[in-house]
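Report on the following structure.
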Amino acid sequence: MFKKTIWFFVFWATALSLLGCEEITRRNELVDLVFPGVAAVDKTKDGNVVLTISPKRAESGGSGKDSESKEKSSEQTLMQSTGKTVFDASTLLTAYSYKDIHWGQNEYIIIGEDAARDDIMKYLDFFVRNHETRLDTSVVIVKENTANQLIKDTQASSPQIIDELANLFKNEGELSYNKKIELSEFINCLNCDYAATILPAVRMAENKSLQEQDSCDAKDLLLYMDSFAVFKKFELIGYLNGKDARAVNWISDSLHSATMLAEDSEGNIVSLEVTDNKTKIKAKIKDGVPSIKVNIRFSSNIAETQGKTDVFKDDELISLIRQQSLQVQEETERVVELTKQNNVDIFHFRDALFKSEPVKWEKIKDQWDELYPNLDVEIIVESNINRSYLIDRPVGASAKK
Amino acid sequence: MSEDLFSQDIDLDKMPLSSRNIKSVLSINSDVIFREINVCGKKSFPISLVYVDGMVHSKTIADNIIKPLMDNDKLCDVRSEKEIIDRIEGGIVYAPAMDTRKSIRDALFDILTGSCALIFDEENIAVTFEVKGFEQRAITEPSEENIIKGPKEAFVENIRVNTAIIRRRLKTSDLVIEQTTVGRRTLTSLGIVYIKTIANDSLVRELKSRLDKIDIDGATGLSFIEEYIIDNKYNMFPQVLATERPDKLSRHLLEGRVGLLIDGIPVAYIIPSVLSDFLRASDDYSQNFIIASFTRILRYISLVLALLLPAFYVAIVTFHQEMIPTELALSIAESKKGVPFPTFAEVLFLLASFEVLLESGLRLPKSIGQTVSIVGALVVGDAAVNAKFISPAVVVVIAITAIAGFTLPNQDLSYVVRICRPILVVFSSILGLIGLTYGIIYLLFYLALMETYGIPYFAPFSSTDGKGLRDSIIVSPPSSVIFRPFMLRPKDKRRQR
């Protein structure tokens, strides 16, 4: 009992004495940390790395003096440093940062086009190794610009760049021209032979219409996220834009929604909205020759009709279904052809072959680079139009009669 | 009966039973009444009547004992005290319970527990009649274990009333209420209650043997008895369930447990009790099982919150900031600006303040208690936040912790949680989540080692066969509870045929 009591007191004396030792316990208060929010990585002409972070600011609430002062205090300037490596640059940031940079709160890593064309892993390795970084951090490529420039140009805007990116990803389902790709997913895709994958790309464009309206000289920039950056063995080789980007989502079963235009029998435009879709990839290897069958099934709704034709008549519906299927067929076939031309298996057909025919795959896997450009990819599109909307006949359809 | 009754100086065993000797023991007491009665009005056979004023029903003594002795003609022809005793035993006196005592010790015990005694000096015999009639509290609603639907009666201080309440609920001849006494001076009556065809014999035997070992002069509080009947007195976790609800005790008796009633204390012990029993509320059995399951799950979650939330907050705010969503982290950081103390100090300070507030509210009259709560929680809390002593986020965390703690149906468990909470905060403030994990593992290890009457404290969760889980976290519909809890090893395993 006496021994136990002694141990008890020794334990608590040690524990309580450690409470004050921040050096030993490595305890850090939240107020002493900077949350990067967005980290921008660029390559300079002389091969150095420029790291820019746009610390996340707290949203000020309330009204009156208090909130004004809060807003003022929470405003933070960009932090930038140049080093030989990303880690080097990040340590240089601490030279003038009055708080510790906590990479755990970094939500986006944006990479400038030059750095992406060089070797993207050179710029991501630090984030993968850093114990604080969340592996679900999103990676984004800045199209035709530097990441540093993107952050600088959007610094003064409201919402902040981090919120803008979040909104763009949140709304991507409407068009399905991009998709969020996490750091872990990206490095896993690159961590194999014949590595090829994609990343969402963001571009800046001036909002000309607004400028004309307000006759304002100030630059009003808009961020567009309507393309995928295509990587082959760690290097950016090009972009898939608009519908080509959407086709990637069709094949990889990542499409949330899409809009398509078709014509009724009188030539009026009918807008279709994809509501439900599923893509299945079947792979087989016969006599050492791999082939892929992509089965895309989707349903859509009639979102708008510009004519007065009753599009829910059977023959009209069949025509619309045929048109939408054809569009998807063309979109996807075109993109598959593009990837074949560039020999980049961004759809990971090799994984499908491995999963369905693991033994046969072993025999041909070393020739994948030669096999892919001639891969037999059959795309089958089946579609339907659901009649869930309340208005089935256009307004004025009966008046015409 | 207790070995040393009243005085250590007098050797009662050597004293013959006589009115003189009883007087010598009790005459100093102003509430002990001695009266001489002449049988049939004749002075030839004076007998002494002794009782304690206030503990007996005076009218019953006058009408049923004194009057028949003095007025009944059948006693006029008696020629000896023995004859009187025989006729009393034959029913000349109207008393439902009567004993003939030959030792002064037994006679004194009866007198002091609410009987009146007729002492026959020649025969050295005392005839005692149970005429208890002291004032007692009426059966009221439970003060701690209130339920919305269900019976509203609670135990009272009088053990006899309590046994009657249980008998009224369990009208089976198998219900056994054995009585024993503890406390050399208090002579506290204990009632061991069980259903003989259900409760395991070894469990009853074990409880009795533990009670037999009690040798104290007075059992005035619950802890005096509790310490002797639990397995480990150095363990702060509750090992026996105390309830003030007869329906709860009855339900546990039907499961195969044993109840212990203590005279003078309006609470019954349920033996054995395991951790899950402390999270079962009476409400669980008076509501639809889906609703009851929901509230019980909520209670388990609340237990985890009440125990771990402050420690978890300290760990993630000071060590694992990447776990907090950015917006929330910024919001916490904003609220912490200007507060000079580290987060763990804030949490410990606020936990201590909360304990002080609870304790002060408990000791004060209800009306002032509320004022203290309002002043403490609102005024002082708000002022402390405004003065940047503490951050609002910590106030929110401690408030959630406190509210979660209030959902625990058992106060004994609540006390343990309140003690463990700051200990875990210290663990997590040294090593973050790793420290907290160490703390939790130690706690689980400690609990897993615990046993109460041979049953693991974690039962039924500790069993690998999954038996008995039916009414643990999720309340089963009554029709599906076919068997009694296996962990209690009841004689009659089936509850429903």
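Chain identifiers are assigned as A, B, and so on, following the order in which chains appear in the structure tokens; residues are numbered from 1 within each chain, and ligands are numbered from 1 in order of appearance.
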Could you list, as a PDB file with N, CA and C atoms, in the first residue's frame, every residue within 12 Å of stretch 363-380 of chain B, counting only C-alpha atoms and ignoring same-chain residues fewer than 2 positions away?
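Dumped everything to part-v3.pdb:
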ATOM      1  N   LEU B 350     -12.391  26.139 -14.732  1.00  0.00           N
ATOM      2  CA  LEU B 350     -13.841  26.156 -14.903  1.00  0.00           C
ATOM      3  C   LEU B 350     -14.484  24.899 -14.321  1.00  0.00           C
ATOM      4  N   SER B 353     -14.633  25.492 -10.694  1.00  0.00           N
ATOM      5  CA  SER B 353     -15.697  26.451 -10.389  1.00  0.00           C
ATOM      6  C   SER B 353     -17.053  25.777 -10.439  1.00  0.00           C
ATOM      7  N   PHE B 354     -17.209  24.888 -11.419  1.00  0.00           N
ATOM      8  CA  PHE B 354     -18.473  24.178 -11.572  1.00  0.00           C
ATOM      9  C   PHE B 354     -18.743  23.300 -10.354  1.00  0.00           C
ATOM     10  N   GLU B 355     -17.691  22.644  -9.854  1.00  0.00           N
ATOM     11  CA  GLU B 355     -17.864  21.794  -8.674  1.00  0.00           C
ATOM     12  C   GLU B 355     -18.250  22.625  -7.460  1.00  0.00           C
ATOM     13  N   VAL B 356     -17.609  23.783  -7.337  1.00  0.00           N
ATOM     14  CA  VAL B 356     -17.910  24.669  -6.207  1.00  0.00           C
ATOM     15  C   VAL B 356     -19.366  25.132  -6.293  1.00  0.00           C
ATOM     16  N   LEU B 357     -19.768  25.455  -7.502  1.00  0.00           N
ATOM     17  CA  LEU B 357     -21.137  25.919  -7.734  1.00  0.00           C
ATOM     18  C   LEU B 357     -22.146  24.841  -7.371  1.00  0.00           C
ATOM     19  N   LEU B 358     -21.836  23.606  -7.774  1.00  0.00           N
ATOM     20  CA  LEU B 358     -22.743  22.488  -7.473  1.00  0.00           C
ATOM     21  C   LEU B 358     -22.845  22.269  -5.971  1.00  0.00           C
ATOM     22  N   GLU B 359     -21.680  22.295  -5.326  1.00  0.00           N
ATOM     23  CA  GLU B 359     -21.656  22.026  -3.894  1.00  0.00           C
ATOM     24  C   GLU B 359     -22.390  23.115  -3.119  1.00  0.00           C
ATOM     25  N   SER B 360     -22.172  24.356  -3.545  1.00  0.00           N
ATOM     26  CA  SER B 360     -22.831  25.457  -2.832  1.00  0.00           C
ATOM     27  C   SER B 360     -24.338  25.404  -3.040  1.00  0.00           C
ATOM     28  N   GLY B 361     -24.757  25.011  -4.233  1.00  0.00           N
ATOM     29  CA  GLY B 361     -26.188  24.914  -4.505  1.00  0.00           C
ATOM     30  C   GLY B 361     -26.848  23.809  -3.711  1.00  0.00           C
ATOM     31  N   ASP B 382     -20.250  35.282 -17.246  1.00  0.00           N
ATOM     32  CA  ASP B 382     -20.227  36.326 -18.262  1.00  0.00           C
ATOM     33  C   ASP B 382     -19.122  37.345 -17.977  1.00  0.00           C
ATOM     34  N   ALA B 383     -19.016  37.689 -16.682  1.00  0.00           N
ATOM     35  CA  ALA B 383     -17.979  38.659 -16.314  1.00  0.00           C
ATOM     36  C   ALA B 383     -16.588  38.096 -16.593  1.00  0.00           C
ATOM     37  N   ALA B 384     -16.427  36.808 -16.294  1.00  0.00           N
ATOM     38  CA  ALA B 384     -15.119  36.174 -16.526  1.00  0.00           C
ATOM     39  C   ALA B 384     -14.763  36.160 -18.010  1.00  0.00           C
ATOM     40  N   VAL B 385     -15.778  35.929 -18.848  1.00  0.00           N
ATOM     41  CA  VAL B 385     -15.535  35.930 -20.295  1.00  0.00           C
ATOM     42  C   VAL B 385     -15.193  37.340 -20.763  1.00  0.00           C
ATOM     43  N   ASN B 386     -15.974  38.310 -20.302  1.00  0.00           N
ATOM     44  CA  ASN B 386     -15.732  39.700 -20.696  1.00  0.00           C
ATOM     45  C   ASN B 386     -14.376  40.206 -20.225  1.00  0.00           C
ATOM     46  N   ALA B 387     -14.005  39.757 -19.037  1.00  0.00           N
ATOM     47  CA  ALA B 387     -12.719  40.209 -18.480  1.00  0.00           C
ATOM     48  C   ALA B 387     -11.545  39.420 -19.066  1.00  0.00           C
ATOM     49  N   PHE B 389     -10.790  36.344 -18.698  1.00  0.00           N
ATOM     50  CA  PHE B 389     -10.219  35.322 -17.808  1.00  0.00           C
ATOM     51  C   PHE B 389     -10.311  33.961 -18.467  1.00  0.00           C
ATOM     52  N   ILE B 390     -11.435  33.762 -19.125  1.00  0.00           N
ATOM     53  CA  ILE B 390     -11.656  32.486 -19.809  1.00  0.00           C
ATOM     54  C   ILE B 390     -12.263  32.775 -21.175  1.00  0.00           C
ATOM     55  N   VAL B 395     -16.206  27.843 -21.956  1.00  0.00           N
ATOM     56  CA  VAL B 395     -17.468  27.892 -21.209  1.00  0.00           C
ATOM     57  C   VAL B 395     -18.482  26.951 -21.871  1.00  0.00           C
ATOM     58  N   VAL B 396     -18.519  26.998 -23.198  1.00  0.00           N
ATOM     59  CA  VAL B 396     -19.459  26.130 -23.924  1.00  0.00           C
ATOM     60  C   VAL B 396     -19.131  24.659 -23.664  1.00  0.00           C
ATOM     61  N   ILE B 398     -17.530  23.267 -21.140  1.00  0.00           N
ATOM     62  CA  ILE B 398     -17.837  22.852 -19.764  1.00  0.00           C
ATOM     63  C   ILE B 398     -19.344  22.798 -19.547  1.00  0.00           C
ATOM     64  N   ALA B 399     -20.066  23.707 -20.181  1.00  0.00           N
ATOM     65  CA  ALA B 399     -21.530  23.690 -20.041  1.00  0.00           C
ATOM     66  C   ALA B 399     -22.102  22.403 -20.644  1.00  0.00           C
ATOM     67  N   ALA B 402     -21.294  19.585 -18.341  1.00  0.00           N
ATOM     68  CA  ALA B 402     -22.135  19.592 -17.140  1.00  0.00           C
ATOM     69  C   ALA B 402     -23.529  19.077 -17.458  1.00  0.00           C
TER      70      ALA B 402
END
Among stretch 107-327 of chain B, which residues does DSSP mark as helix (DSSP H, G or I) when it is run on the backbone? Keep the chain and numbering as in the structure and answer as a ChimeraX atom specification.
/B:107-112,159-169,201-212,222-229,246-255,275-279,282-285,289-318,321-323,326-327
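Omitting A:Lys84 and its sequence neighbours fewer than 2 positions away, and counting only C-alpha atoms, the residues within 9 Å are A:Gly47, A:Asn48, A:Val49, A:Val50, A:Thr82, A:Val86, A:Phe87, A:Asp88, A:Ala89.
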File dump, residues just selected, N, CA and C atoms, as a PDB file, in the first residue's frame:
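Output contents, as saved in out30.pdb:
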ATOM      1  N   GLY A  47      15.005  28.154 -61.044  1.00  0.00           N
ATOM      2  CA  GLY A  47      14.812  26.822 -60.457  1.00  0.00           C
ATOM      3  C   GLY A  47      14.442  26.816 -58.983  1.00  0.00           C
ATOM      4  N   ASN A  48      14.304  27.978 -58.376  1.00  0.00           N
ATOM      5  CA  ASN A  48      13.908  28.014 -56.971  1.00  0.00           C
ATOM      6  C   ASN A  48      12.396  27.821 -56.816  1.00  0.00           C
ATOM      7  N   VAL A  49      11.998  27.686 -55.581  1.00  0.00           N
ATOM      8  CA  VAL A  49      10.570  27.476 -55.303  1.00  0.00           C
ATOM      9  C   VAL A  49      10.030  28.695 -54.561  1.00  0.00           C
ATOM     10  N   VAL A  50       8.904  29.189 -55.046  1.00  0.00           N
ATOM     11  CA  VAL A  50       8.250  30.305 -54.340  1.00  0.00           C
ATOM     12  C   VAL A  50       7.022  29.732 -53.639  1.00  0.00           C
ATOM     13  N   THR A  82      11.026  32.410 -50.754  1.00  0.00           N
ATOM     14  CA  THR A  82      11.635  31.660 -51.855  1.00  0.00           C
ATOM     15  C   THR A  82      12.768  30.806 -51.305  1.00  0.00           C
ATOM     16  N   VAL A  86      10.473  23.285 -51.287  1.00  0.00           N
ATOM     17  CA  VAL A  86       9.264  23.785 -50.607  1.00  0.00           C
ATOM     18  C   VAL A  86       9.512  23.849 -49.100  1.00  0.00           C
ATOM     19  N   PHE A  87      10.191  22.823 -48.583  1.00  0.00           N
ATOM     20  CA  PHE A  87      10.477  22.809 -47.153  1.00  0.00           C
ATOM     21  C   PHE A  87      11.367  23.980 -46.770  1.00  0.00           C
ATOM     22  N   ASP A  88      12.354  24.209 -47.633  1.00  0.00           N
ATOM     23  CA  ASP A  88      13.273  25.324 -47.404  1.00  0.00           C
ATOM     24  C   ASP A  88      12.486  26.640 -47.357  1.00  0.00           C
ATOM     25  N   ALA A  89      11.598  26.784 -48.327  1.00  0.00           N
ATOM     26  CA  ALA A  89      10.804  28.009 -48.368  1.00  0.00           C
ATOM     27  C   ALA A  89       9.883  28.116 -47.163  1.00  0.00           C
TER      28      ALA A  89
END
Atom CA of B:Tyr313 to atom CA of B:Ser428, distance in Å rounded to a single decimal:
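Value for the atom CA of B:Tyr313-atom CA of B:Ser428 distance: 9.0 Å.
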Contacts of stretch 313-325 of chain A at 9 Å or less, counting only C-alpha atoms, minus same-chain residues fewer than 4 places along, as an MDAnalysis selection string?
chainID A and resid 260:265 270 272 298 300 309 329:330 381:385
